[in-house]
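To start, the structure under review is shown below, and the notes come after it.
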Amino acid sequence: MATNPSTYALSQSSDSKQRLQQRRRLFQETEWTRSDGRSFHQCRPAFLRTGAANAASGSAYAEFGATKVIVSVFGPRESKKAMMYSGTGRLNCNVSYTTFSTPVRGQGSDHKEYSSMLHKALEGAIILETFPKTTVDVFALVLESGGGDLPVIVTCASLALADAGIMMYDLVASVSVSCFGRNLVIDPTSEEEACQDGTLMITCMPARNEVTQLMLTGEWTTAKINEAMELCLDACSKLAEIMRSCLKEAASGSS
Amino acid sequence: MVGLSEGEKRFIRGGIAQDLRTDGRQRLHYRPISVETGVIPQANGSARVRLGATDVIVSIKAELGKPHPLQPDKGKVAIFIDCSPTAAPMFEGRGGEELSTELSFALQRCLLGGRSGAGAGIDLSSLVIVEGKVCWDLYIDGLVVSSDGNLLDALAAAIKVALSNTGIPKVTVNLGASPNDQPDVDVSDEEFLQFDTSGVPVVVTLTKVSRHYIVDATSEEESQMSSAVSISVNRHGHICGLTKRGGAGLDPSVILDMISVAKHVGEQLMSLLDSEIAAAEASAEDQ
Amino acid sequence: MTTMLRELRLSLNQTQRVRLQSALQRLQDMASLASAVTVVADTIPVNHEDSILKGHGTSDLNGEVVATLCGVVERVNKLVYVRAQRARYKPEVGDIIVGRVIEIAPKRWRLEINFSQDAVLMLSSMNLPDGIQRRRTAVDELNMRSIFEENDVICAEVRGFQHDGSLHLQARSQKYGKLERGMLLTVPAYLVKRRKQHFHHLENYGVDLILGCNGFIWVGEHVNSNGENDMMVDQENREGLVNKSEVGQATYEVQEQITPLEIRKHVCRVANSVRLLCALGFSLTVEVIVDTVEASISSNTDIKDILAAEFYVQTAEREVQRRVSLTRRKG
């Protein structure tokens with residue numbers, strides 16, 4: 001009845017190290033096929049749905065291949081008294097992983113760096129002046145981590161905010177690109193991410209053509225950066241279309 | 001959790017006394033239960049149980065490990081519960097920790113039996129591969145997605161269903177040359193052994209409000225409780241674990257009465273879960 | 001099916017699923033909103049020659065009007081704005097709301113009303129228990145807890161926003177005040193439409209139903225404006241009911257007036273009907289609620305089964321019938 005588990009942890013055995021090295025060598029070649037059959041410039045099919053959590057003001061569920069994320073938004077609610085008065089609203093982001101999200105079972109930890117990056121990515125898009133003295137809480141829960149986690153989290157969070165009726169300048173779409181030697185591979189899986197030479201992640205507001213958050217690791221030539229950014233922005237606008245149609249469907253559904 | 005006014009509290013108490021709760025249920029009636037299996041594909045087994053507005057997910061992972069030196073013929077089981085902030089903003093960060101640990105310990109008590117291993121819901125000796133060297137470590141992770149009271153019963157039911165959905169991979173062992181060598185274990189990717197869940201108990205929580213007890217309390221009703229007793233009942237009608245919450249004292253005769261009520265309700269809950277499990281298996285086979 | 005309802009929590013069998021899907025599909029078809037739906041950052045088509053006033057939920061981008069919310073575009077004369085469909089509660093002067101006391105501050109109570117900020121009820125906006133119109137003294141301030149204490153459920157009217165941005169309520173009339181002997185339900189505020197009447201006394205059932213514009217709905221045993229209920233009026237001996245403010249720290253048990261079973265059954269029935277309509281996403285009006293209650297009685301549905309699969313599907317089908325007959329009468 002149970003479907004194939006992706007791994008059972010034979011931790012640190014020579015077998016898995018060998019496989020890792022094999023893959024590394026594979027990725028250095030110019031032509032190789034991705035494990036799910038996609039081309040280098042093809043993103044995973046996106047499944048998006050709003051209204052996943054009932055208790056929240058707004059929520060969304062996103063499934064990109066093996067990465068599954070659920071985000072719920074609470075608020076705007078009264079800020080705690082300890083906060084200073086502020087003419088603009090506050091945004092509070094929190095990202096956590098479930099213990100069963102990774103193939104090797106780890107503690108469901110609060111990825112603090114993801115929380116602050118989510119905050120920076122969304123800050124530019126939300127019109128904070130519309131809810132002064134109050135706080136909007138965004139809680140992201142990663143149910144399954146299959147690679148490209150942060151871009152999926154940001155996309156899903158932006159959908160949840162729209163579902164909650166928070167005023168935004170634009171939807172925030174996010175995509176990451178890995179580089180393997182000469183090749184640029186978009187929307188990597190966790191397998192590919194483990195052997196990448198570098199990564200570029202962009203979160204942007206497609207309709208306004210503004211980048212809200214940018215992250216780069218590894219060694220890149222300027223030409224490669226340009227190419228990667230173009231790839232990302234193009235993918236982001238396509239992703240925004242999918243998000244838009246999902247919201248439209250949800251909006252016309254309720255009478 | 002939101003507080004209640006005196007008037008509302010009186011209304012709830014009066015309803016319980018008159019056997020008509022705020023949602024029309026009788027005292028010993030469960031909310032509609034809905035069960036889904038296989039919701040976490042990458043786990044060995046998983047289930048999602050909805051009990052009214054309470055929503056929990058349980059995922060079970062089996063990993064190879066070494067048995068405890070004092071119990072070389074048994075595998076290991078660990079239960080962890082996590083209350084996610086999706087359920088309530090107050091669970092953010094450390095907020096849900098107290099509740100999570102309380103639930104984890106209560107479930108461990110119900111499922112793992114005494115020190116000798118007797119009366120355990122899960123037969124730990126079935127998890128051993130090579131005595132003293134290799135065994136299965138079973139990690140049971142529960143996630144509270146939405147909370148409206150009676151988390152313990154929902155989690156226990158989810159664990160039971162998830163276990164029925166769990167497949168332990170088949171293992172072939174190549175023993176090393178000398179008995180001190182670490183045996184070479186070959187884990188099959190194809191063949192799975194279904195977990196035997198006939199021994200897994202269900203948990204029935206009886207919440208005492210003034211003079212009466214109710215089953216499956218909502219969080220409003222829980223706020224009114226003087227004490228609550230969670231009783232784990234197995235197929236044979238035996239008690240596999242008991243936890244009391246709340247500081248109010250209970251008369252011993254009341255406790256014995258609660259146990260007999262729990263046995264009766266537990267039987268019905270068990271048969272309901274069994275039929276749900278069978279239905280879920282049937283629909284999974286169809287797919 | 002996936003987009004229509006927010007996560008259905010019931011398990012339906014195959015026939016029920018099919019019936020529900022067809023009923024919901026028909027409802028969706030009847031609601032002709034597809035054209036005006038807009039999503040965040042969609043450009044709203046406007047005639048640039050007219051001077052358009054950009055209203056709520058819109059913003060300017062390179063001379064184009066774009067939406068900042070997901071919802072329906074409304075145009076009123078020169079004003080263009082976006083109305084969010086699942087909007088949060090927006091208080092307006094004169095709204096009748098139900099709230100819960102969360103704090104007692106000097107000369108005022110703070111109430112939670114399902115809005116982004118808490119509302120304030122001033123001591124001076126309340127009638128004193130003795131009914132005399134007089135100036136509030138220091139003694140009154142100290143005795144605020146005797147009027148309303150924490151977690152009390154109160155019915156009041158929105159007075160307006162003060163210059164410091166806080167929302168003020170008033171409860172001067174007899175019909176406002178503390179609500180006891182019943183239960184409070186929370187529903188999304190957009191399901192409660194503003195009507196002339198929000199207080200409903202369902203005489204057949206002896207039930208009070210208050211539809212707060214903020215989404216807090218009170219269902220309880222009927223209480224007269226004097227604060228008496230039927231039982232008290234009948235009772236000759238009034239000594240059983242002890243007023244908290246008179247006694248203070250009571251050392252003996254207050255004799256609780258228990259709601260009689262018959263009325264309680266009706267209260268639970270009405271409450272479950274409200275929960276059902278809320279789960280279906282239908283607007284809450286007293287007519288629809290009473291219809292649902294009557295249908296449940298006539299079909300011999302048990303109170304708890306109102307929330308079960310069969311009655312759920314039947315209610316959706318009944319709504320389709322209602323809308324069909326409504327359009328027939330119009331057209």
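Following the order of the structure tokens, first chain is A, next is B, and so on, with residues numbered from 1 inside each chain and ligands from 1 in the order they appear.
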Expected answer as a list in words: chain C residues within 7 Å of chain B, only C-alpha atoms: Leu10, Ser11, Asn151, Asp152, Val153, Glu180, Arg181, Gly182, Met183, Ile258, Leu261, Cys268, Asn272, Ile303 and Lys304 of chain C
Contacts of Arg235 of chain B at 10 Å (only C-alpha atoms; same-chain gap of 3+ positions) as a PyMOL selection string: chain B and resi 198-202+238-239+263+266-267+270-271
Can you write out as a Markdown table which residues of chain B fall within 9 Å of chain A, alongside each residue's closest atom pair and its distance in Å to one decimal, counting only C-alpha atoms and ordering rows by chain and ascending residue number?
| residue | atom | partner | partner_atom | distance |
| --- | --- | --- | --- | --- |
| B:Gly38 | CA | A:Ala2 | CA | 6.6 |
| B:Ile40 | CA | A:Glu144 | CA | 8.0 |
| B:Pro41 | CA | A:Thr3 | CA | 6.0 |
| B:Gln42 | CA | A:Pro5 | CA | 4.8 |
| B:Ala43 | CA | A:Pro5 | CA | 5.5 |
| B:Asn44 | CA | A:Ala2 | CA | 5.8 |
| B:Gly45 | CA | A:Ala2 | CA | 5.6 |
| B:Ser46 | CA | A:Ala2 | CA | 8.2 |
| B:Ala53 | CA | A:Asn54 | CA | 8.5 |
| B:Ser59 | CA | A:Phe100 | CA | 6.8 |
| B:Ile60 | CA | A:Phe100 | CA | 8.2 |
| B:Lys61 | CA | A:Phe100 | CA | 7.8 |
| B:Ala62 | CA | A:Tyr8 | CA | 7.0 |
| B:Glu63 | CA | A:Tyr8 | CA | 5.4 |
| B:Leu64 | CA | A:Ala9 | CA | 6.7 |
| B:Gly65 | CA | A:Leu10 | CA | 8.7 |
| B:Phe80 | CA | A:Thr99 | CA | 8.7 |
| B:Asp82 | CA | A:Thr98 | CA | 7.9 |
| B:Ser84 | CA | A:Leu141 | CA | 7.7 |
| B:Pro85 | CA | A:Phe139 | CA | 6.4 |
| B:Thr86 | CA | A:Ser72 | CA | 5.8 |
| B:Ala87 | CA | A:Ala55 | CA | 6.7 |
| B:Ala88 | CA | A:Ala55 | CA | 7.5 |
| B:Pro89 | CA | A:Phe74 | CA | 7.4 |
| B:Glu92 | CA | A:Asn94 | CA | 7.9 |
| B:Gly93 | CA | A:Asp110 | CA | 7.8 |
| B:Tyr139 | CA | A:Arg105 | CA | 8.5 |
| B:Asp141 | CA | A:Thr99 | CA | 6.8 |
| B:Gly142 | CA | A:Thr99 | CA | 8.8 |
| B:Leu143 | CA | A:Thr98 | CA | 7.7 |
| B:Val145 | CA | A:Ala53 | CA | 8.0 |
| B:Ser146 | CA | A:Ala55 | CA | 7.1 |
| B:Ser147 | CA | A:Ala55 | CA | 8.9 |
| B:Ser164 | CA | A:Met1 | CA | 8.9 |
| B:Asn165 | CA | A:Ala2 | CA | 6.0 |
| B:Thr166 | CA | A:Ala2 | CA | 5.7 |
| B:Gly167 | CA | A:Ala2 | CA | 5.5 |
| B:Ile168 | CA | A:Ala2 | CA | 8.8 |
| B:Val187 | CA | A:Tyr8 | CA | 8.6 |
| B:Asp189 | CA | A:Asn4 | CA | 7.1 |
| B:Glu190 | CA | A:Asn4 | CA | 7.8 |
| B:Phe192 | CA | A:Ala2 | CA | 8.4 |
| B:Gln194 | CA | A:Met1 | CA | 7.9 |
| B:Glu281 | CA | A:Met1 | CA | 7.5 |
| B:Ala284 | CA | A:Met1 | CA | 7.4 |
| B:Glu285 | CA | A:Met1 | CA | 7.9 |
Write out as a PDB file with C-alpha atoms, in the first residue's frame the residues lying within 8 Å of Cys179 of chain A, counting only C-alpha atoms and excluding same-chain residues fewer than 6 positions away.
ATOM      1  CA  VAL A 185      19.440  24.533 -15.167  1.00  0.00           C
ATOM      2  CA  GLN A 196      25.352  22.514  -8.151  1.00  0.00           C
ATOM      3  CA  ASP A 197      28.266  24.840  -8.787  1.00  0.00           C
ATOM      4  CA  GLY A 198      26.252  27.916  -7.989  1.00  0.00           C
ATOM      5  CA  THR A 199      22.738  29.208  -7.741  1.00  0.00           C
TER       6      THR A 199
END
Within 9 Å of chain C: residues of chain A, using only C-alpha atoms, as number ranges by chain: A: 49-54, 57, 75-79, 127, 131, 133-135, 162-171, 207-208, 244-255
Who sits within 12 Å of Glu294 of chain C, only C-alpha atoms, same chain under 3 positions skipped, as an NGL selection string: :C and (202 or 204-205 or 266 or 269-270 or 273 or 287-291 or 297-301 or 303 or 306 or 315)
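The spacing separating atom CA of Thr37 of chain B from atom CA of Ala157 of chain B amounts to 11.9 Å.
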Residues of segment 18-186 of chain A in helix (DSSP H, G or I), written as number ranges by chain: A: 18-28, 112-123, 128-130, 149-163
Selected residue, from C:Val324, C:Ala271, C:Ala105, C:Leu121, that lies nearest to His168 of chain C when counting only C-alpha atoms: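 Going through C:Val324, C:Ala271, C:Ala105, C:Leu121 one by one, the smallest distance to His168 of chain C is for C:Leu121.
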Residue list (strand (DSSP E), DSSP) for segment 15-223 of chain A, as a ChimeraX atom specification: /A:46-50,58-64,67-78,90-97,134-144,173-180,183-186,198-205,210-217
Selected residue of minimal separation from Gly114 of chain B among B:Ala279, B:Ala158, B:Gly132, B:Gly241, counting only C-alpha atoms: B:Gly241
Atom CA of Gly146 of chain A to atom CA of Pro45 of chain A, distance in Å rounded to a single decimal: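 Pair atom CA of Gly146 of chain A / atom CA of Pro45 of chain A returns 13.2 Å.
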Distance in Å - atom CA of Thr155 of chain A versus atom CA of Asp148 of chain B: 29.0 Å
Among listed residues A:Pro151, A:Gly87, A:Ser178, A:Glu192, nearest Thr33 of chain A (using only C-alpha atoms):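 Between A:Pro151, A:Gly87, A:Ser178, A:Glu192, the residue approaching Thr33 of chain A most closely is A:Glu192.
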